[in-house]
Amino acid sequence: MSSELEGLLRSLAGQRVLVVGDVMLDEYLFGGVKRVSPEAPVLVVDVDRITWAPGGAANVAANVRALGGEVSIVGLIGRDDAGRRLREQLDSMGVETGGLIEDPSRETTLKTRIIAGHQQVVRVDREKRDRPDTKVAKLLSGAITERLADAGAVVISDYDKGIIGQLTLDVVNTAKSQGRKVASNPKPKNLRWFHGVNLLTLNHPEAEAASGETIDDEASLRRAGEKILERTGAEWVIVTRGAQGMSVFGANGRPPEHIPVLPVEVFDVAGAGDTVVSTLTLALAAGADVMSAARLANFAGASVVRKLGVAQAVPAEIAHLIRESDNPGT
């Protein structure tokens with residue numbers, strides 16, 4: 001098994017993926033705490049370092065790149081410092097950013113996390129969730145059409161910031177008509193815009209919301225998966241379940257398959273879903289079957305939760321975990 005997965009991991013290099021979705025910039029303010037504010041019962045963080053990283057769909061693109069894939073991204077940014085910084089971040093990684101459309105009427109989604117020591121104490125979000133107007137929607141559609149021809153697979157990353165809608169459904173239909181695989185990580189409220197995707201990923205709470213089932217045992221999990229398949233027309237649904245691993249549901253009455261969680265020390269689960277869907281999409285572009293893609297994504301997700309903050313998995317780390325799983329305790 002390990003040699004097959006390592007072979008699949010190597011095959012990700014050079015695969016071309018188009019990412020469409022809600023982009024954002026993650027900002028981190030790091031510092032120490034030595035006192036409580038005299039103005040209110042809150043900690044005072046003395047900031048000594050600020051870093052920035054791609055977030056949301058932009059983190060999906062960054063993960064594809066870190067895994068060796070070639071990637072273009074289409075999304076909305078504002079004409080502001082956060083948008084400029086996000087484009088620079090992605091450009092430096094080798095992500096093709098010509099599809100980032102500037103909308104002067106909106107601000108780039110910015111999530112600011114304040115970290116005291118190794119503990120996040122607060123997050124501040126600045127964003128606009130409105131749907132783009134007709135003019136901007138046409139620019140987005142043109143950017144997608146221009147880049148779709150070169151993509152081996154498409155991933156649609158939904159963070160409910162306004163880009164998901166009819167445009168998404170058009171992407172699904174066009175990509176599938178051209179023989180491209182389409183993966184997605186939708187929010188439950190937007191499921192109708194993802195009808196017919198090849199692969200749909202949800203976490204445990206999202207799967208409950210999407211299915212109307214309270215998932216508390218194997219029977220309810222199976223009902224949830226079957227309902228989501230039926231409602232979305234997806235070929236495959238993957239539910240990531242934290243400490244319970246991930247469950248893979250296929251259409252046409254296939255029995256679900258469960259992949260156990262890997263025993264790694266977890267520091268931060270932020271961004272793990274982006275890593276999983278990025279790995280799945282690249283593996284599909286490389287011609288992998290869904291179960292092999294899911295097993296590899298399980299290792300990629302385990303690799304990234306060992307890091308603090310939204311981060312990316314890299315092949316060497318994933319390969320180490322794969323070999324380690326064959327030789328536990330070494």
# chains A, B, ... in the order shown; residues from 1 in each chain; ligands from 1
$ select_by_dssp --residues "range 89-287 of chain A" --states "strand (DSSP E)" --output "PDB file with N, CA, C and O atoms, in the first residue's frame"
ATOM      1  N   GLU A  96      -0.732  31.074 -10.658  1.00  0.00           N
ATOM      2  CA  GLU A  96      -1.121  32.011 -11.705  1.00  0.00           C
ATOM      3  C   GLU A  96      -2.322  32.806 -11.225  1.00  0.00           C
ATOM      4  O   GLU A  96      -3.381  32.241 -10.931  1.00  0.00           O
ATOM      5  N   THR A  97      -2.185  34.127 -11.097  1.00  0.00           N
ATOM      6  CA  THR A  97      -3.181  34.958 -10.426  1.00  0.00           C
ATOM      7  C   THR A  97      -3.918  35.919 -11.353  1.00  0.00           C
ATOM      8  O   THR A  97      -4.613  36.817 -10.874  1.00  0.00           O
ATOM      9  N   GLY A  98      -3.797  35.744 -12.664  1.00  0.00           N
ATOM     10  CA  GLY A  98      -4.490  36.636 -13.594  1.00  0.00           C
ATOM     11  C   GLY A  98      -5.997  36.567 -13.466  1.00  0.00           C
ATOM     12  O   GLY A  98      -6.706  37.476 -13.905  1.00  0.00           O
ATOM     13  N   GLY A  99      -6.505  35.501 -12.843  1.00  0.00           N
ATOM     14  CA  GLY A  99      -7.944  35.341 -12.666  1.00  0.00           C
ATOM     15  C   GLY A  99      -8.471  35.956 -11.383  1.00  0.00           C
ATOM     16  O   GLY A  99      -9.658  35.803 -11.078  1.00  0.00           O
ATOM     17  N   LEU A 100      -7.619  36.624 -10.617  1.00  0.00           N
ATOM     18  CA  LEU A 100      -8.097  37.353  -9.437  1.00  0.00           C
ATOM     19  C   LEU A 100      -8.663  38.688  -9.920  1.00  0.00           C
ATOM     20  O   LEU A 100      -7.919  39.575 -10.342  1.00  0.00           O
ATOM     21  N   ILE A 101      -9.967  38.823  -9.864  1.00  0.00           N
ATOM     22  CA  ILE A 101     -10.654  39.996 -10.389  1.00  0.00           C
ATOM     23  C   ILE A 101     -10.819  41.036  -9.287  1.00  0.00           C
ATOM     24  O   ILE A 101     -11.342  40.731  -8.213  1.00  0.00           O
ATOM     25  N   GLU A 102     -10.371  42.254  -9.569  1.00  0.00           N
ATOM     26  CA  GLU A 102     -10.520  43.341  -8.601  1.00  0.00           C
ATOM     27  C   GLU A 102     -11.905  43.965  -8.722  1.00  0.00           C
ATOM     28  O   GLU A 102     -12.324  44.365  -9.799  1.00  0.00           O
ATOM     29  N   LEU A 110     -10.386  39.565   4.846  1.00  0.00           N
ATOM     30  CA  LEU A 110      -9.187  39.544   5.680  1.00  0.00           C
ATOM     31  C   LEU A 110      -9.545  38.979   7.048  1.00  0.00           C
ATOM     32  O   LEU A 110     -10.439  39.488   7.726  1.00  0.00           O
ATOM     33  N   LYS A 111      -8.857  37.914   7.445  1.00  0.00           N
ATOM     34  CA  LYS A 111      -9.046  37.321   8.767  1.00  0.00           C
ATOM     35  C   LYS A 111      -7.777  37.547   9.582  1.00  0.00           C
ATOM     36  O   LYS A 111      -6.701  37.060   9.216  1.00  0.00           O
ATOM     37  N   THR A 112      -7.922  38.286  10.671  1.00  0.00           N
ATOM     38  CA  THR A 112      -6.784  38.611  11.524  1.00  0.00           C
ATOM     39  C   THR A 112      -6.859  37.779  12.798  1.00  0.00           C
ATOM     40  O   THR A 112      -7.840  37.844  13.530  1.00  0.00           O
ATOM     41  N   ARG A 113      -5.824  36.993  13.030  1.00  0.00           N
ATOM     42  CA  ARG A 113      -5.745  36.163  14.232  1.00  0.00           C
ATOM     43  C   ARG A 113      -4.646  36.707  15.139  1.00  0.00           C
ATOM     44  O   ARG A 113      -3.517  36.926  14.679  1.00  0.00           O
ATOM     45  N   ILE A 114      -4.971  36.897  16.402  1.00  0.00           N
ATOM     46  CA  ILE A 114      -3.990  37.374  17.381  1.00  0.00           C
ATOM     47  C   ILE A 114      -3.552  36.189  18.221  1.00  0.00           C
ATOM     48  O   ILE A 114      -4.373  35.513  18.851  1.00  0.00           O
ATOM     49  N   ILE A 115      -2.249  35.919  18.190  1.00  0.00           N
ATOM     50  CA  ILE A 115      -1.675  34.743  18.850  1.00  0.00           C
ATOM     51  C   ILE A 115      -0.808  35.192  20.012  1.00  0.00           C
ATOM     52  O   ILE A 115       0.178  35.917  19.832  1.00  0.00           O
ATOM     53  N   ALA A 116      -1.179  34.781  21.225  1.00  0.00           N
ATOM     54  CA  ALA A 116      -0.381  35.054  22.414  1.00  0.00           C
ATOM     55  C   ALA A 116       0.378  33.790  22.779  1.00  0.00           C
ATOM     56  O   ALA A 116      -0.223  32.794  23.184  1.00  0.00           O
ATOM     57  N   GLN A 119      -1.156  30.397  21.655  1.00  0.00           N
ATOM     58  CA  GLN A 119      -2.602  30.318  21.817  1.00  0.00           C
ATOM     59  C   GLN A 119      -3.285  31.458  21.066  1.00  0.00           C
ATOM     60  O   GLN A 119      -2.964  32.624  21.273  1.00  0.00           O
ATOM     61  N   GLN A 120      -4.231  31.102  20.192  1.00  0.00           N
ATOM     62  CA  GLN A 120      -5.022  32.134  19.531  1.00  0.00           C
ATOM     63  C   GLN A 120      -6.025  32.690  20.540  1.00  0.00           C
ATOM     64  O   GLN A 120      -6.789  31.945  21.150  1.00  0.00           O
ATOM     65  N   VAL A 121      -6.040  34.008  20.721  1.00  0.00           N
ATOM     66  CA  VAL A 121      -6.920  34.606  21.716  1.00  0.00           C
ATOM     67  C   VAL A 121      -8.129  35.292  21.091  1.00  0.00           C
ATOM     68  O   VAL A 121      -9.167  35.444  21.757  1.00  0.00           O
ATOM     69  N   VAL A 122      -8.032  35.719  19.837  1.00  0.00           N
ATOM     70  CA  VAL A 122      -9.184  36.335  19.179  1.00  0.00           C
ATOM     71  C   VAL A 122      -8.950  36.349  17.668  1.00  0.00           C
ATOM     72  O   VAL A 122      -7.804  36.311  17.216  1.00  0.00           O
ATOM     73  N   ARG A 123     -10.053  36.356  16.906  1.00  0.00           N
ATOM     74  CA  ARG A 123      -9.977  36.505  15.458  1.00  0.00           C
ATOM     75  C   ARG A 123     -10.902  37.640  15.044  1.00  0.00           C
ATOM     76  O   ARG A 123     -12.043  37.727  15.513  1.00  0.00           O
ATOM     77  N   VAL A 124     -10.426  38.488  14.142  1.00  0.00           N
ATOM     78  CA  VAL A 124     -11.206  39.612  13.635  1.00  0.00           C
ATOM     79  C   VAL A 124     -11.381  39.426  12.133  1.00  0.00           C
ATOM     80  O   VAL A 124     -10.393  39.274  11.405  1.00  0.00           O
ATOM     81  N   ASP A 125     -12.643  39.411  11.666  1.00  0.00           N
ATOM     82  CA  ASP A 125     -12.938  39.224  10.243  1.00  0.00           C
ATOM     83  C   ASP A 125     -13.409  40.525   9.613  1.00  0.00           C
ATOM     84  O   ASP A 125     -14.266  41.215  10.170  1.00  0.00           O
ATOM     85  N   ARG A 126     -12.846  40.838   8.430  1.00  0.00           N
ATOM     86  CA  ARG A 126     -13.316  41.961   7.623  1.00  0.00           C
ATOM     87  C   ARG A 126     -13.654  41.410   6.250  1.00  0.00           C
ATOM     88  O   ARG A 126     -12.783  40.861   5.572  1.00  0.00           O
ATOM     89  N   ALA A 153      -8.149  19.240 -13.801  1.00  0.00           N
ATOM     90  CA  ALA A 153      -9.251  19.101 -12.847  1.00  0.00           C
ATOM     91  C   ALA A 153      -9.557  20.479 -12.272  1.00  0.00           C
ATOM     92  O   ALA A 153      -8.734  21.399 -12.341  1.00  0.00           O
ATOM     93  N   VAL A 154     -10.759  20.601 -11.727  1.00  0.00           N
ATOM     94  CA  VAL A 154     -11.212  21.864 -11.148  1.00  0.00           C
ATOM     95  C   VAL A 154     -11.640  21.605  -9.714  1.00  0.00           C
ATOM     96  O   VAL A 154     -12.260  20.580  -9.416  1.00  0.00           O
ATOM     97  N   VAL A 155     -11.323  22.558  -8.830  1.00  0.00           N
ATOM     98  CA  VAL A 155     -11.833  22.492  -7.460  1.00  0.00           C
ATOM     99  C   VAL A 155     -12.545  23.808  -7.171  1.00  0.00           C
ATOM    100  O   VAL A 155     -12.019  24.883  -7.450  1.00  0.00           O
ATOM    101  N   ILE A 156     -13.759  23.696  -6.635  1.00  0.00           N
ATOM    102  CA  ILE A 156     -14.551  24.869  -6.272  1.00  0.00           C
ATOM    103  C   ILE A 156     -14.578  24.954  -4.760  1.00  0.00           C
ATOM    104  O   ILE A 156     -15.084  24.057  -4.080  1.00  0.00           O
ATOM    105  N   SER A 157     -14.025  26.048  -4.232  1.00  0.00           N
ATOM    106  CA  SER A 157     -13.839  26.205  -2.790  1.00  0.00           C
ATOM    107  C   SER A 157     -14.788  27.272  -2.263  1.00  0.00           C
ATOM    108  O   SER A 157     -14.649  28.457  -2.561  1.00  0.00           O
ATOM    109  N   LYS A 181     -12.489  16.550 -14.235  1.00  0.00           N
ATOM    110  CA  LYS A 181     -13.041  16.176 -12.943  1.00  0.00           C
ATOM    111  C   LYS A 181     -13.273  17.440 -12.123  1.00  0.00           C
ATOM    112  O   LYS A 181     -12.472  18.379 -12.171  1.00  0.00           O
ATOM    113  N   VAL A 182     -14.369  17.459 -11.371  1.00  0.00           N
ATOM    114  CA  VAL A 182     -14.690  18.615 -10.539  1.00  0.00           C
ATOM    115  C   VAL A 182     -14.858  18.168  -9.091  1.00  0.00           C
ATOM    116  O   VAL A 182     -15.713  17.325  -8.786  1.00  0.00           O
ATOM    117  N   ALA A 183     -14.028  18.725  -8.224  1.00  0.00           N
ATOM    118  CA  ALA A 183     -14.133  18.479  -6.785  1.00  0.00           C
ATOM    119  C   ALA A 183     -14.598  19.759  -6.106  1.00  0.00           C
ATOM    120  O   ALA A 183     -14.484  20.855  -6.668  1.00  0.00           O
ATOM    121  N   SER A 184     -15.114  19.631  -4.890  1.00  0.00           N
ATOM    122  CA  SER A 184     -15.659  20.807  -4.216  1.00  0.00           C
ATOM    123  C   SER A 184     -15.690  20.604  -2.716  1.00  0.00           C
ATOM    124  O   SER A 184     -15.723  19.476  -2.225  1.00  0.00           O
ATOM    125  N   ASN A 185     -15.688  21.742  -1.992  1.00  0.00           N
ATOM    126  CA  ASN A 185     -15.932  21.706  -0.540  1.00  0.00           C
ATOM    127  C   ASN A 185     -16.989  22.767  -0.221  1.00  0.00           C
ATOM    128  O   ASN A 185     -16.668  23.843   0.275  1.00  0.00           O
ATOM    129  N   LEU A 199     -16.897  14.966  -7.078  1.00  0.00           N
ATOM    130  CA  LEU A 199     -16.508  14.698  -5.699  1.00  0.00           C
ATOM    131  C   LEU A 199     -16.876  15.886  -4.824  1.00  0.00           C
ATOM    132  O   LEU A 199     -16.579  17.038  -5.155  1.00  0.00           O
ATOM    133  N   LEU A 200     -17.518  15.589  -3.719  1.00  0.00           N
ATOM    134  CA  LEU A 200     -17.955  16.626  -2.791  1.00  0.00           C
ATOM    135  C   LEU A 200     -17.445  16.261  -1.403  1.00  0.00           C
ATOM    136  O   LEU A 200     -17.608  15.124  -0.958  1.00  0.00           O
ATOM    137  N   THR A 201     -16.800  17.215  -0.716  1.00  0.00           N
ATOM    138  CA  THR A 201     -16.275  16.941   0.617  1.00  0.00           C
ATOM    139  C   THR A 201     -16.966  17.837   1.642  1.00  0.00           C
ATOM    140  O   THR A 201     -17.195  19.026   1.406  1.00  0.00           O
ATOM    141  N   LEU A 202     -17.289  17.255   2.780  1.00  0.00           N
ATOM    142  CA  LEU A 202     -17.924  17.968   3.884  1.00  0.00           C
ATOM    143  C   LEU A 202     -17.318  17.466   5.189  1.00  0.00           C
ATOM    144  O   LEU A 202     -16.938  16.293   5.287  1.00  0.00           O
ATOM    145  N   ASN A 203     -17.254  18.348   6.201  1.00  0.00           N
ATOM    146  CA  ASN A 203     -16.876  17.851   7.515  1.00  0.00           C
ATOM    147  C   ASN A 203     -18.121  17.353   8.249  1.00  0.00           C
ATOM    148  O   ASN A 203     -19.234  17.435   7.723  1.00  0.00           O
ATOM    149  N   TRP A 236     -19.334  11.034  -5.871  1.00  0.00           N
ATOM    150  CA  TRP A 236     -18.735  10.613  -4.613  1.00  0.00           C
ATOM    151  C   TRP A 236     -18.912  11.706  -3.564  1.00  0.00           C
ATOM    152  O   TRP A 236     -18.862  12.903  -3.887  1.00  0.00           O
ATOM    153  N   VAL A 237     -19.091  11.310  -2.329  1.00  0.00           N
ATOM    154  CA  VAL A 237     -19.136  12.228  -1.196  1.00  0.00           C
ATOM    155  C   VAL A 237     -18.157  11.716  -0.140  1.00  0.00           C
ATOM    156  O   VAL A 237     -18.170  10.527   0.198  1.00  0.00           O
ATOM    157  N   ILE A 238     -17.304  12.617   0.347  1.00  0.00           N
ATOM    158  CA  ILE A 238     -16.377  12.269   1.426  1.00  0.00           C
ATOM    159  C   ILE A 238     -16.713  13.125   2.635  1.00  0.00           C
ATOM    160  O   ILE A 238     -16.784  14.350   2.542  1.00  0.00           O
ATOM    161  N   VAL A 239     -16.932  12.460   3.766  1.00  0.00           N
ATOM    162  CA  VAL A 239     -17.201  13.154   5.024  1.00  0.00           C
ATOM    163  C   VAL A 239     -15.971  12.999   5.919  1.00  0.00           C
ATOM    164  O   VAL A 239     -15.592  11.875   6.271  1.00  0.00           O
ATOM    165  N   THR A 240     -15.341  14.125   6.253  1.00  0.00           N
ATOM    166  CA  THR A 240     -14.205  14.091   7.176  1.00  0.00           C
ATOM    167  C   THR A 240     -14.754  14.198   8.593  1.00  0.00           C
ATOM    168  O   THR A 240     -15.577  15.056   8.887  1.00  0.00           O
ATOM    169  N   MET A 246     -12.176   9.491   7.943  1.00  0.00           N
ATOM    170  CA  MET A 246     -13.053   9.957   6.871  1.00  0.00           C
ATOM    171  C   MET A 246     -13.836   8.789   6.282  1.00  0.00           C
ATOM    172  O   MET A 246     -13.380   7.642   6.306  1.00  0.00           O
ATOM    173  N   SER A 247     -15.035   9.111   5.780  1.00  0.00           N
ATOM    174  CA  SER A 247     -15.913   8.095   5.201  1.00  0.00           C
ATOM    175  C   SER A 247     -16.209   8.473   3.760  1.00  0.00           C
ATOM    176  O   SER A 247     -16.508   9.635   3.461  1.00  0.00           O
ATOM    177  N   VAL A 248     -16.131   7.483   2.874  1.00  0.00           N
ATOM    178  CA  VAL A 248     -16.286   7.706   1.440  1.00  0.00           C
ATOM    179  C   VAL A 248     -17.559   7.025   0.961  1.00  0.00           C
ATOM    180  O   VAL A 248     -17.729   5.821   1.141  1.00  0.00           O
ATOM    181  N   PHE A 249     -18.442   7.810   0.372  1.00  0.00           N
ATOM    182  CA  PHE A 249     -19.719   7.309  -0.136  1.00  0.00           C
ATOM    183  C   PHE A 249     -19.752   7.441  -1.652  1.00  0.00           C
ATOM    184  O   PHE A 249     -19.426   8.503  -2.193  1.00  0.00           O
ATOM    185  N   GLY A 250     -20.150   6.364  -2.327  1.00  0.00           N
ATOM    186  CA  GLY A 250     -20.258   6.396  -3.778  1.00  0.00           C
ATOM    187  C   GLY A 250     -21.682   6.191  -4.229  1.00  0.00           C
ATOM    188  O   GLY A 250     -22.496   5.562  -3.540  1.00  0.00           O
ATOM    189  N   GLU A 257     -17.029   3.323   2.538  1.00  0.00           N
ATOM    190  CA  GLU A 257     -15.745   2.830   3.031  1.00  0.00           C
ATOM    191  C   GLU A 257     -15.186   3.844   4.014  1.00  0.00           C
ATOM    192  O   GLU A 257     -15.300   5.058   3.813  1.00  0.00           O
ATOM    193  N   HIS A 258     -14.575   3.347   5.082  1.00  0.00           N
ATOM    194  CA  HIS A 258     -14.090   4.216   6.151  1.00  0.00           C
ATOM    195  C   HIS A 258     -12.570   4.143   6.230  1.00  0.00           C
ATOM    196  O   HIS A 258     -11.983   3.059   6.198  1.00  0.00           O
ATOM    197  N   ILE A 259     -11.954   5.306   6.331  1.00  0.00           N
ATOM    198  CA  ILE A 259     -10.493   5.403   6.433  1.00  0.00           C
ATOM    199  C   ILE A 259     -10.165   5.930   7.825  1.00  0.00           C
ATOM    200  O   ILE A 259     -10.567   7.038   8.184  1.00  0.00           O
TER     201      ILE A 259
END
$ residues_around --residues "Gly117 in chain A" --least-positions-apart "4" --cutoff "12 Å" --atoms "only C-alpha atoms" --output "JSON, numbers by chain"
{"A": [29, 30, 31, 32, 33, 34, 45, 46, 47, 48, 49, 121, 308]}
$ residues_around --residues "His195 in chain A" --least-positions-apart "5" --cutoff "10 Å" --atoms "only C-alpha atoms" --output "ChimeraX atom specification"
/A:168-169,172-173,190,200,229-235
$ write_last_selection --atoms "all heavy atoms" --output "tab-separated table (two decimals), in the first residue's frame"
chain	number	residue	atom	x	y	z
A	168	THR	N	-21.07	29.04	-10.41
A	168	THR	CA	-20.52	27.75	-9.96
A	168	THR	C	-21.11	26.60	-10.75
A	168	THR	O	-20.40	25.70	-11.22
A	168	THR	CB	-20.80	27.54	-8.46
A	168	THR	OG1	-20.44	28.72	-7.76
A	168	THR	CG2	-20.02	26.36	-7.94
A	169	LEU	N	-22.44	26.61	-10.89
A	169	LEU	CA	-23.11	25.54	-11.62
A	169	LEU	C	-22.66	25.53	-13.08
A	169	LEU	O	-22.48	24.46	-13.68
A	169	LEU	CB	-24.63	25.73	-11.54
A	169	LEU	CG	-25.50	24.55	-11.99
A	169	LEU	CD1	-25.12	23.27	-11.27
A	169	LEU	CD2	-26.97	24.89	-11.76
A	172	VAL	N	-19.31	23.78	-13.22
A	172	VAL	CA	-19.47	22.32	-13.11
A	172	VAL	C	-19.88	21.73	-14.45
A	172	VAL	O	-19.27	20.77	-14.95
A	172	VAL	CB	-20.51	21.96	-12.02
A	172	VAL	CG1	-20.77	20.45	-12.01
A	172	VAL	CG2	-20.04	22.43	-10.65
A	173	ASN	N	-20.90	22.30	-15.05
A	173	ASN	CA	-21.42	21.74	-16.31
A	173	ASN	C	-20.41	21.85	-17.44
A	173	ASN	O	-20.23	20.91	-18.23
A	173	ASN	CB	-22.72	22.45	-16.68
A	173	ASN	CG	-23.85	22.15	-15.72
A	173	ASN	OD1	-23.87	21.10	-15.08
A	173	ASN	ND2	-24.78	23.07	-15.58
A	190	ASN	N	-25.33	26.15	0.20
A	190	ASN	CA	-25.08	26.37	-1.22
A	190	ASN	C	-25.07	25.10	-2.05
A	190	ASN	O	-24.64	25.11	-3.21
A	190	ASN	CB	-23.74	27.10	-1.40
A	190	ASN	CG	-23.77	28.51	-0.85
A	190	ASN	OD1	-24.79	29.18	-0.90
A	190	ASN	ND2	-22.64	28.96	-0.33
A	200	LEU	N	-17.52	15.59	-3.72
A	200	LEU	CA	-17.95	16.63	-2.79
A	200	LEU	C	-17.45	16.26	-1.40
A	200	LEU	O	-17.61	15.12	-0.96
A	200	LEU	CB	-19.48	16.69	-2.83
A	200	LEU	CG	-20.24	17.77	-2.10
A	200	LEU	CD1	-21.54	18.06	-2.85
A	200	LEU	CD2	-20.57	17.33	-0.69
A	229	LEU	N	-25.71	12.31	-1.41
A	229	LEU	CA	-25.53	11.83	-2.79
A	229	LEU	C	-26.79	12.08	-3.61
A	229	LEU	O	-26.72	12.57	-4.75
A	229	LEU	CB	-25.20	10.33	-2.77
A	229	LEU	CG	-23.78	9.92	-2.40
A	229	LEU	CD1	-23.72	8.42	-2.15
A	229	LEU	CD2	-22.79	10.30	-3.50
A	230	GLU	N	-27.94	11.75	-3.04
A	230	GLU	CA	-29.19	11.90	-3.78
A	230	GLU	C	-29.50	13.36	-4.06
A	230	GLU	O	-29.93	13.72	-5.17
A	230	GLU	CB	-30.33	11.27	-2.97
A	230	GLU	CG	-31.68	11.33	-3.67
A	230	GLU	CD	-32.79	10.69	-2.86
A	230	GLU	OE1	-32.49	10.13	-1.78
A	230	GLU	OE2	-33.95	10.77	-3.29
A	231	ARG	N	-29.28	14.24	-3.08
A	231	ARG	CA	-29.63	15.65	-3.23
A	231	ARG	C	-28.69	16.40	-4.18
A	231	ARG	O	-29.10	17.39	-4.79
A	231	ARG	CB	-29.63	16.33	-1.86
A	231	ARG	CG	-30.76	15.86	-0.97
A	231	ARG	CD	-30.69	16.47	0.43
A	231	ARG	NE	-31.76	15.95	1.26
A	231	ARG	CZ	-31.93	16.25	2.55
A	231	ARG	NH1	-31.06	17.07	3.14
A	231	ARG	NH2	-32.93	15.73	3.23
A	232	THR	N	-27.46	15.96	-4.28
A	232	THR	CA	-26.49	16.70	-5.07
A	232	THR	C	-26.19	16.06	-6.42
A	232	THR	O	-25.64	16.73	-7.30
A	232	THR	CB	-25.15	16.82	-4.32
A	232	THR	OG1	-24.61	15.51	-4.10
A	232	THR	CG2	-25.34	17.52	-2.99
A	233	GLY	N	-26.55	14.79	-6.60
A	233	GLY	CA	-26.19	14.13	-7.84
A	233	GLY	C	-24.69	13.92	-7.98
A	233	GLY	O	-24.18	13.68	-9.08
A	234	ALA	N	-23.97	14.03	-6.86
A	234	ALA	CA	-22.52	13.85	-6.90
A	234	ALA	C	-22.19	12.37	-7.13
A	234	ALA	O	-22.95	11.47	-6.77
A	234	ALA	CB	-21.90	14.31	-5.58
A	235	GLU	N	-21.04	12.14	-7.72
A	235	GLU	CA	-20.58	10.77	-7.93
A	235	GLU	C	-20.02	10.19	-6.64
A	235	GLU	O	-20.23	9.01	-6.33
A	235	GLU	CB	-19.51	10.75	-9.02
A	235	GLU	CG	-19.06	9.37	-9.44
A	235	GLU	CD	-18.04	9.41	-10.56
A	235	GLU	OE1	-17.67	10.51	-11.02
A	235	GLU	OE2	-17.59	8.31	-10.97
$ residues_around --residues "range 285-297 of chain A" --least-positions-apart "4" --cutoff "8 Å" --atoms "only C-alpha atoms" --output "list in words"
Leu5, Leu8, Leu9, Ser11, Leu12, Gln15, Arg16, Val17, Gly152, Ala153, Lys181, Trp236, Val248, Ile259, Thr275, Val276, Val277, Thr279, Leu280, Thr281 and Gly301 of chain A
$ write_last_selection --atoms "N, CA, C and O atoms" --output "compact mmCIF listing (two decimals), in the first residue's frame"
# COMPACT_ATOMS: atom_id res chain seq x y z
N LEU A 5 0.89 4.43 -2.70
CA LEU A 5 0.57 5.80 -2.32
C LEU A 5 1.74 6.75 -2.58
O LEU A 5 1.53 7.89 -3.01
N LEU A 8 1.63 7.49 -6.19
CA LEU A 8 0.58 8.46 -6.49
C LEU A 8 1.02 9.86 -6.06
O LEU A 8 0.80 10.84 -6.79
N LEU A 9 1.67 9.96 -4.89
CA LEU A 9 2.16 11.25 -4.42
C LEU A 9 3.12 11.86 -5.42
O LEU A 9 3.03 13.07 -5.73
N SER A 11 3.18 11.35 -8.57
CA SER A 11 2.48 11.66 -9.82
C SER A 11 1.72 12.98 -9.77
O SER A 11 1.26 13.48 -10.80
N LEU A 12 1.58 13.57 -8.58
CA LEU A 12 0.88 14.84 -8.46
C LEU A 12 1.67 15.98 -9.11
O LEU A 12 1.08 16.97 -9.56
N GLN A 15 0.66 18.19 -12.41
CA GLN A 15 -0.76 18.16 -12.76
C GLN A 15 -1.32 19.59 -12.68
O GLN A 15 -0.96 20.35 -11.80
N ARG A 16 -2.23 19.91 -13.59
CA ARG A 16 -2.75 21.28 -13.66
C ARG A 16 -4.17 21.35 -13.08
O ARG A 16 -5.04 20.56 -13.47
N VAL A 17 -4.36 22.28 -12.16
CA VAL A 17 -5.65 22.43 -11.47
C VAL A 17 -6.11 23.88 -11.56
O VAL A 17 -5.31 24.81 -11.44
N GLY A 152 -6.44 20.06 -15.72
CA GLY A 152 -6.77 18.64 -15.70
C GLY A 152 -7.93 18.35 -14.75
O GLY A 152 -8.62 17.34 -14.88
N ALA A 153 -8.15 19.24 -13.80
CA ALA A 153 -9.25 19.10 -12.85
C ALA A 153 -9.56 20.48 -12.27
O ALA A 153 -8.73 21.40 -12.34
N LYS A 181 -12.49 16.55 -14.24
CA LYS A 181 -13.04 16.18 -12.94
C LYS A 181 -13.27 17.44 -12.12
O LYS A 181 -12.47 18.38 -12.17
N TRP A 236 -19.33 11.03 -5.87
CA TRP A 236 -18.74 10.61 -4.61
C TRP A 236 -18.91 11.71 -3.56
O TRP A 236 -18.86 12.90 -3.89
N VAL A 248 -16.13 7.48 2.87
CA VAL A 248 -16.29 7.71 1.44
C VAL A 248 -17.56 7.03 0.96
O VAL A 248 -17.73 5.82 1.14
N ILE A 259 -11.95 5.31 6.33
CA ILE A 259 -10.49 5.40 6.43
C ILE A 259 -10.17 5.93 7.82
O ILE A 259 -10.57 7.04 8.18
N THR A 275 -6.37 21.35 2.60
CA THR A 275 -5.33 20.39 2.23
C THR A 275 -5.94 19.11 1.67
O THR A 275 -5.47 18.57 0.65
N VAL A 276 -6.99 18.63 2.30
CA VAL A 276 -7.64 17.39 1.86
C VAL A 276 -8.22 17.55 0.45
O VAL A 276 -7.96 16.72 -0.44
N VAL A 277 -8.98 18.62 0.21
CA VAL A 277 -9.60 18.77 -1.11
C VAL A 277 -8.56 19.06 -2.18
O VAL A 277 -8.72 18.64 -3.34
N THR A 279 -5.45 17.82 -2.25
CA THR A 279 -4.82 16.53 -2.55
C THR A 279 -5.76 15.65 -3.37
O THR A 279 -5.33 15.01 -4.34
N LEU A 280 -7.02 15.62 -2.99
CA LEU A 280 -8.00 14.84 -3.74
C LEU A 280 -8.06 15.28 -5.19
O LEU A 280 -8.07 14.46 -6.12
N THR A 281 -8.10 16.60 -5.41
CA THR A 281 -8.24 17.11 -6.78
C THR A 281 -7.02 16.80 -7.62
O THR A 281 -7.13 16.38 -8.78
N GLY A 301 -3.74 15.49 5.15
CA GLY A 301 -4.42 16.18 6.24
C GLY A 301 -3.73 15.98 7.57
O GLY A 301 -3.59 16.91 8.37
$ atom_distance --atom1 "CA of Asn63 in chain A" --atom2 "CA of Pro315 in chain A"
10.5 Å
$ closest_residue --among "A:Ile77, A:Ala207, A:Ile164, A:Val95" --to "Leu221 in chain A" --atoms "only C-alpha atoms"
A:Ala207
$ select_by_dssp --residues "range 29-249 of chain A" --states "helix (DSSP H, G or I)" --output "ChimeraX atom specification"
/A:57-66,81-93,134-148,166-177,188-194,204-211,218-232,242-244
$ closest_residue --among "A:Ser72, A:Ser325, A:Ser220, A:Ser3" --to "Pro260 in chain A" --atoms "only C-alpha atoms"
A:Ser325
